[in-house]
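A.B. asks: Sending over work-v3.txt (compact mmCIF, N, CA and C atoms).
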# COMPACT_ATOMS: atom_id res chain seq x y z
N MET A 1 0.85 -1.17 0.00
CA MET A 1 0.00 0.00 0.00
C MET A 1 0.90 1.24 0.00
N THR A 2 0.61 2.19 -0.87
CA THR A 2 1.42 3.40 -0.96
C THR A 2 1.05 4.37 0.16
N THR A 3 1.88 5.35 0.35
CA THR A 3 1.62 6.38 1.36
C THR A 3 0.33 7.12 1.06
N THR A 4 0.11 7.44 -0.20
CA THR A 4 -1.12 8.13 -0.60
C THR A 4 -2.34 7.31 -0.24
N GLU A 5 -2.29 6.03 -0.50
CA GLU A 5 -3.42 5.14 -0.17
C GLU A 5 -3.65 5.08 1.34
N LYS A 6 -2.57 5.05 2.11
CA LYS A 6 -2.70 5.02 3.57
C LYS A 6 -3.36 6.32 4.08
N ILE A 7 -2.95 7.45 3.49
CA ILE A 7 -3.54 8.73 3.89
C ILE A 7 -5.03 8.75 3.55
N TYR A 8 -5.38 8.34 2.33
CA TYR A 8 -6.79 8.30 1.93
C TYR A 8 -7.61 7.42 2.85
N GLN A 9 -7.00 6.34 3.30
CA GLN A 9 -7.72 5.41 4.17
C GLN A 9 -7.97 6.01 5.56
N LEU A 10 -7.06 6.85 6.02
CA LEU A 10 -7.20 7.44 7.36
C LEU A 10 -8.08 8.69 7.39
N LEU A 11 -8.20 9.39 6.29
CA LEU A 11 -8.93 10.65 6.26
C LEU A 11 -10.37 10.57 6.76
N PRO A 12 -11.15 9.58 6.39
CA PRO A 12 -12.55 9.55 6.85
C PRO A 12 -12.72 9.46 8.37
N SER A 13 -11.70 8.98 9.06
CA SER A 13 -11.82 8.84 10.52
C SER A 13 -11.49 10.13 11.28
N LEU A 14 -11.05 11.15 10.57
CA LEU A 14 -10.67 12.40 11.22
C LEU A 14 -11.81 13.39 11.25
N ASN A 15 -11.80 14.25 12.26
CA ASN A 15 -12.84 15.28 12.33
C ASN A 15 -12.45 16.49 11.46
N GLU A 16 -13.34 17.44 11.35
CA GLU A 16 -13.14 18.58 10.46
C GLU A 16 -11.93 19.42 10.87
N THR A 17 -11.72 19.59 12.16
CA THR A 17 -10.58 20.37 12.65
C THR A 17 -9.26 19.70 12.26
N GLN A 18 -9.20 18.40 12.43
CA GLN A 18 -7.98 17.67 12.06
C GLN A 18 -7.74 17.74 10.54
N LEU A 19 -8.81 17.64 9.78
CA LEU A 19 -8.68 17.73 8.32
C LEU A 19 -8.20 19.11 7.90
N ASP A 20 -8.67 20.14 8.61
CA ASP A 20 -8.22 21.50 8.32
C ASP A 20 -6.73 21.65 8.62
N GLU A 21 -6.27 21.05 9.71
CA GLU A 21 -4.84 21.08 10.04
C GLU A 21 -4.02 20.37 8.97
N ILE A 22 -4.52 19.26 8.50
CA ILE A 22 -3.81 18.52 7.44
C ILE A 22 -3.74 19.34 6.17
N LEU A 23 -4.85 19.97 5.82
CA LEU A 23 -4.87 20.81 4.62
C LEU A 23 -3.85 21.95 4.74
N THR A 24 -3.82 22.60 5.90
CA THR A 24 -2.86 23.69 6.13
C THR A 24 -1.43 23.18 6.00
N PHE A 25 -1.16 22.03 6.57
CA PHE A 25 0.18 21.45 6.51
C PHE A 25 0.57 21.08 5.08
N VAL A 26 -0.35 20.49 4.34
CA VAL A 26 -0.06 20.11 2.95
C VAL A 26 0.18 21.35 2.10
N GLU A 27 -0.60 22.40 2.32
CA GLU A 27 -0.38 23.65 1.59
C GLU A 27 0.98 24.25 1.93
N PHE A 28 1.37 24.15 3.20
CA PHE A 28 2.70 24.62 3.61
C PHE A 28 3.79 23.83 2.90
N LEU A 29 3.66 22.52 2.86
CA LEU A 29 4.66 21.69 2.19
C LEU A 29 4.77 22.04 0.71
N LYS A 30 3.62 22.27 0.09
CA LYS A 30 3.62 22.64 -1.33
C LYS A 30 4.31 23.99 -1.54
N TYR A 31 4.01 24.95 -0.68
CA TYR A 31 4.64 26.28 -0.76
C TYR A 31 6.15 26.16 -0.56
N LYS A 32 6.54 25.37 0.43
CA LYS A 32 7.96 25.17 0.73
C LYS A 32 8.68 24.55 -0.46
N GLN A 33 8.08 23.57 -1.09
CA GLN A 33 8.68 22.92 -2.26
C GLN A 33 8.79 23.90 -3.42
N GLU A 34 7.77 24.71 -3.64
CA GLU A 34 7.80 25.69 -4.72
C GLU A 34 8.89 26.73 -4.49
N SER A 35 9.09 27.13 -3.24
CA SER A 35 10.11 28.14 -2.96
C SER A 35 11.51 27.57 -3.14
N VAL A 36 11.67 26.27 -3.01
CA VAL A 36 12.97 25.64 -3.23
C VAL A 36 13.25 25.51 -4.73
N THR A 37 12.23 25.16 -5.50
CA THR A 37 12.43 24.95 -6.93
C THR A 37 12.45 26.24 -7.73
N GLN A 38 11.81 27.29 -7.22
CA GLN A 38 11.80 28.58 -7.90
C GLN A 38 12.60 29.57 -7.07
N PRO A 39 13.74 30.04 -7.58
CA PRO A 39 14.56 30.95 -6.78
C PRO A 39 13.81 32.24 -6.47
N ASN A 40 14.07 32.76 -5.30
CA ASN A 40 13.42 33.99 -4.85
C ASN A 40 14.17 35.18 -5.41
N THR A 41 13.60 35.86 -6.37
CA THR A 41 14.26 37.00 -7.00
C THR A 41 13.99 38.29 -6.23
N ARG A 42 13.12 38.23 -5.24
CA ARG A 42 12.81 39.44 -4.48
C ARG A 42 14.05 39.98 -3.76
N ASN A 43 14.85 39.10 -3.15
CA ASN A 43 16.05 39.54 -2.44
C ASN A 43 17.05 40.16 -3.40
N ILE A 44 17.18 39.58 -4.59
CA ILE A 44 18.10 40.11 -5.57
C ILE A 44 17.67 41.52 -5.97
N LYS A 45 16.39 41.72 -6.18
CA LYS A 45 15.89 43.03 -6.54
C LYS A 45 16.13 44.01 -5.40
N THR A 46 15.89 43.59 -4.18
CA THR A 46 16.10 44.46 -3.04
C THR A 46 17.55 44.88 -2.94
N LEU A 47 18.46 43.94 -3.12
CA LEU A 47 19.88 44.27 -3.05
C LEU A 47 20.28 45.23 -4.16
N SER A 48 19.74 45.03 -5.35
CA SER A 48 20.09 45.94 -6.44
C SER A 48 19.50 47.32 -6.20
N ASP A 49 18.37 47.39 -5.50
CA ASP A 49 17.79 48.69 -5.15
C ASP A 49 18.68 49.45 -4.18
N LEU A 50 19.43 48.72 -3.35
CA LEU A 50 20.27 49.35 -2.34
C LEU A 50 21.64 49.75 -2.88
N GLN A 51 21.96 49.33 -4.09
CA GLN A 51 23.27 49.62 -4.64
C GLN A 51 23.50 51.12 -4.69
N GLY A 52 24.63 51.57 -4.14
CA GLY A 52 24.97 52.98 -4.15
C GLY A 52 24.30 53.80 -3.07
N ILE A 53 23.63 53.17 -2.11
CA ILE A 53 22.88 53.91 -1.11
C ILE A 53 23.80 54.77 -0.23
N ALA A 54 25.03 54.31 -0.01
CA ALA A 54 25.95 55.06 0.85
C ALA A 54 26.88 55.96 0.04
N LYS A 55 26.70 55.98 -1.25
CA LYS A 55 27.57 56.78 -2.11
C LYS A 55 27.26 58.26 -1.93
N THR A 56 28.31 59.06 -1.82
CA THR A 56 28.14 60.50 -1.71
C THR A 56 28.88 61.18 -2.86
N SER A 57 28.55 62.43 -3.09
CA SER A 57 29.24 63.16 -4.14
C SER A 57 30.55 63.73 -3.62
N ASP A 58 30.72 63.78 -2.29
CA ASP A 58 31.94 64.28 -1.69
C ASP A 58 32.99 63.18 -1.59
N GLU A 59 34.20 63.60 -1.27
CA GLU A 59 35.26 62.64 -1.02
C GLU A 59 34.94 61.91 0.29
N PRO A 60 35.33 60.66 0.40
CA PRO A 60 35.07 59.96 1.67
C PRO A 60 35.90 60.59 2.79
N PRO A 61 35.39 60.55 4.02
CA PRO A 61 36.12 61.16 5.12
C PRO A 61 37.41 60.39 5.44
N THR A 62 38.40 61.11 5.90
CA THR A 62 39.65 60.47 6.31
C THR A 62 39.47 59.88 7.69
N ASP A 63 40.40 59.04 8.10
CA ASP A 63 40.34 58.46 9.44
C ASP A 63 40.38 59.55 10.51
N GLU A 64 41.16 60.57 10.26
CA GLU A 64 41.27 61.68 11.21
C GLU A 64 39.94 62.42 11.34
N MET A 65 39.24 62.62 10.23
CA MET A 65 37.94 63.30 10.26
C MET A 65 36.92 62.47 11.05
N VAL A 66 36.93 61.18 10.83
CA VAL A 66 35.99 60.29 11.54
C VAL A 66 36.30 60.31 13.03
N ARG A 67 37.59 60.22 13.38
CA ARG A 67 37.99 60.25 14.78
C ARG A 67 37.57 61.57 15.43
N ASP A 68 37.80 62.69 14.75
CA ASP A 68 37.43 64.00 15.30
C ASP A 68 35.92 64.11 15.48
N ASP A 69 35.15 63.63 14.52
CA ASP A 69 33.69 63.67 14.64
C ASP A 69 33.22 62.84 15.83
N LYS A 70 33.81 61.66 16.00
CA LYS A 70 33.43 60.78 17.11
C LYS A 70 33.80 61.42 18.44
N THR A 71 34.99 62.02 18.50
CA THR A 71 35.42 62.69 19.74
C THR A 71 34.49 63.84 20.08
N GLU A 72 34.15 64.64 19.09
CA GLU A 72 33.24 65.76 19.30
C GLU A 72 31.87 65.28 19.76
N TYR A 73 31.38 64.22 19.14
CA TYR A 73 30.08 63.64 19.53
C TYR A 73 30.10 63.19 20.98
N LEU A 74 31.15 62.46 21.36
CA LEU A 74 31.24 61.96 22.73
C LEU A 74 31.41 63.10 23.74
N ASP A 75 32.15 64.14 23.35
CA ASP A 75 32.29 65.31 24.23
C ASP A 75 30.93 65.92 24.50
N ARG A 76 30.15 66.14 23.47
CA ARG A 76 28.82 66.73 23.64
C ARG A 76 27.90 65.82 24.44
N LYS A 77 28.00 64.55 24.20
CA LYS A 77 27.09 63.59 24.85
C LYS A 77 27.34 63.50 26.35
N TYR A 78 28.60 63.53 26.77
CA TYR A 78 28.93 63.28 28.17
C TYR A 78 29.35 64.54 28.93
N ARG A 79 29.01 65.71 28.47
CA ARG A 79 29.29 66.94 29.23
C ARG A 79 28.30 67.11 30.33
Hey, can you dump this file as structure tokens for me?
C.D. replies:
Amino acid sequence: MTTTEKIYQLLPSLNETQLDEILTFVEFLKYKQESVTQPNTRNIKTLSDLQGIAKTSDEPPTDEMVRDDKTEYLDRKYR
């Protein structure tokens, strides 16, 4: 007897709530399988949307500028 046949044989003995749980689980398994076989292009699009987000038209700050900004920030914060 195949697994499908065993499932069909057990279904009539279950109540409506249990059948609803089985349906939800089977739909989840189907969704999970589809997401494995079809690559998710949403993340790729999101990453390409973020390309250049930190780019500025100015020159990047030097280490000394960053250190001075941080020192000034901490001075103001803890006065």
A.B. asks: From a DSSP pass on the backbone, collect the residues of chain A flagged as alpha helix (DSSP H) and hand them back as a PyMOL selection string.
C.D. replies: chain A and resi 3-10+16-37+42-50+63-77
A.B. asks: What's the separation between atom CA of A:Tyr31 and atom CA of A:Thr2, in Å to one decimal place?
C.D. replies: 23.1 Å
A.B. asks: What is the distance, in Å and to one decimal place, between atom CA of A:Thr4 and atom CA of A:Glu34?
C.D. replies: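 Rounded to one decimal, the two atoms are 20.1 Å apart.
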A.B. asks: Report the distance between atom CA of A:Ile7 and atom CA of A:Gln38 in Å, rounded to one decimal place.
C.D. replies: 27.7 Å
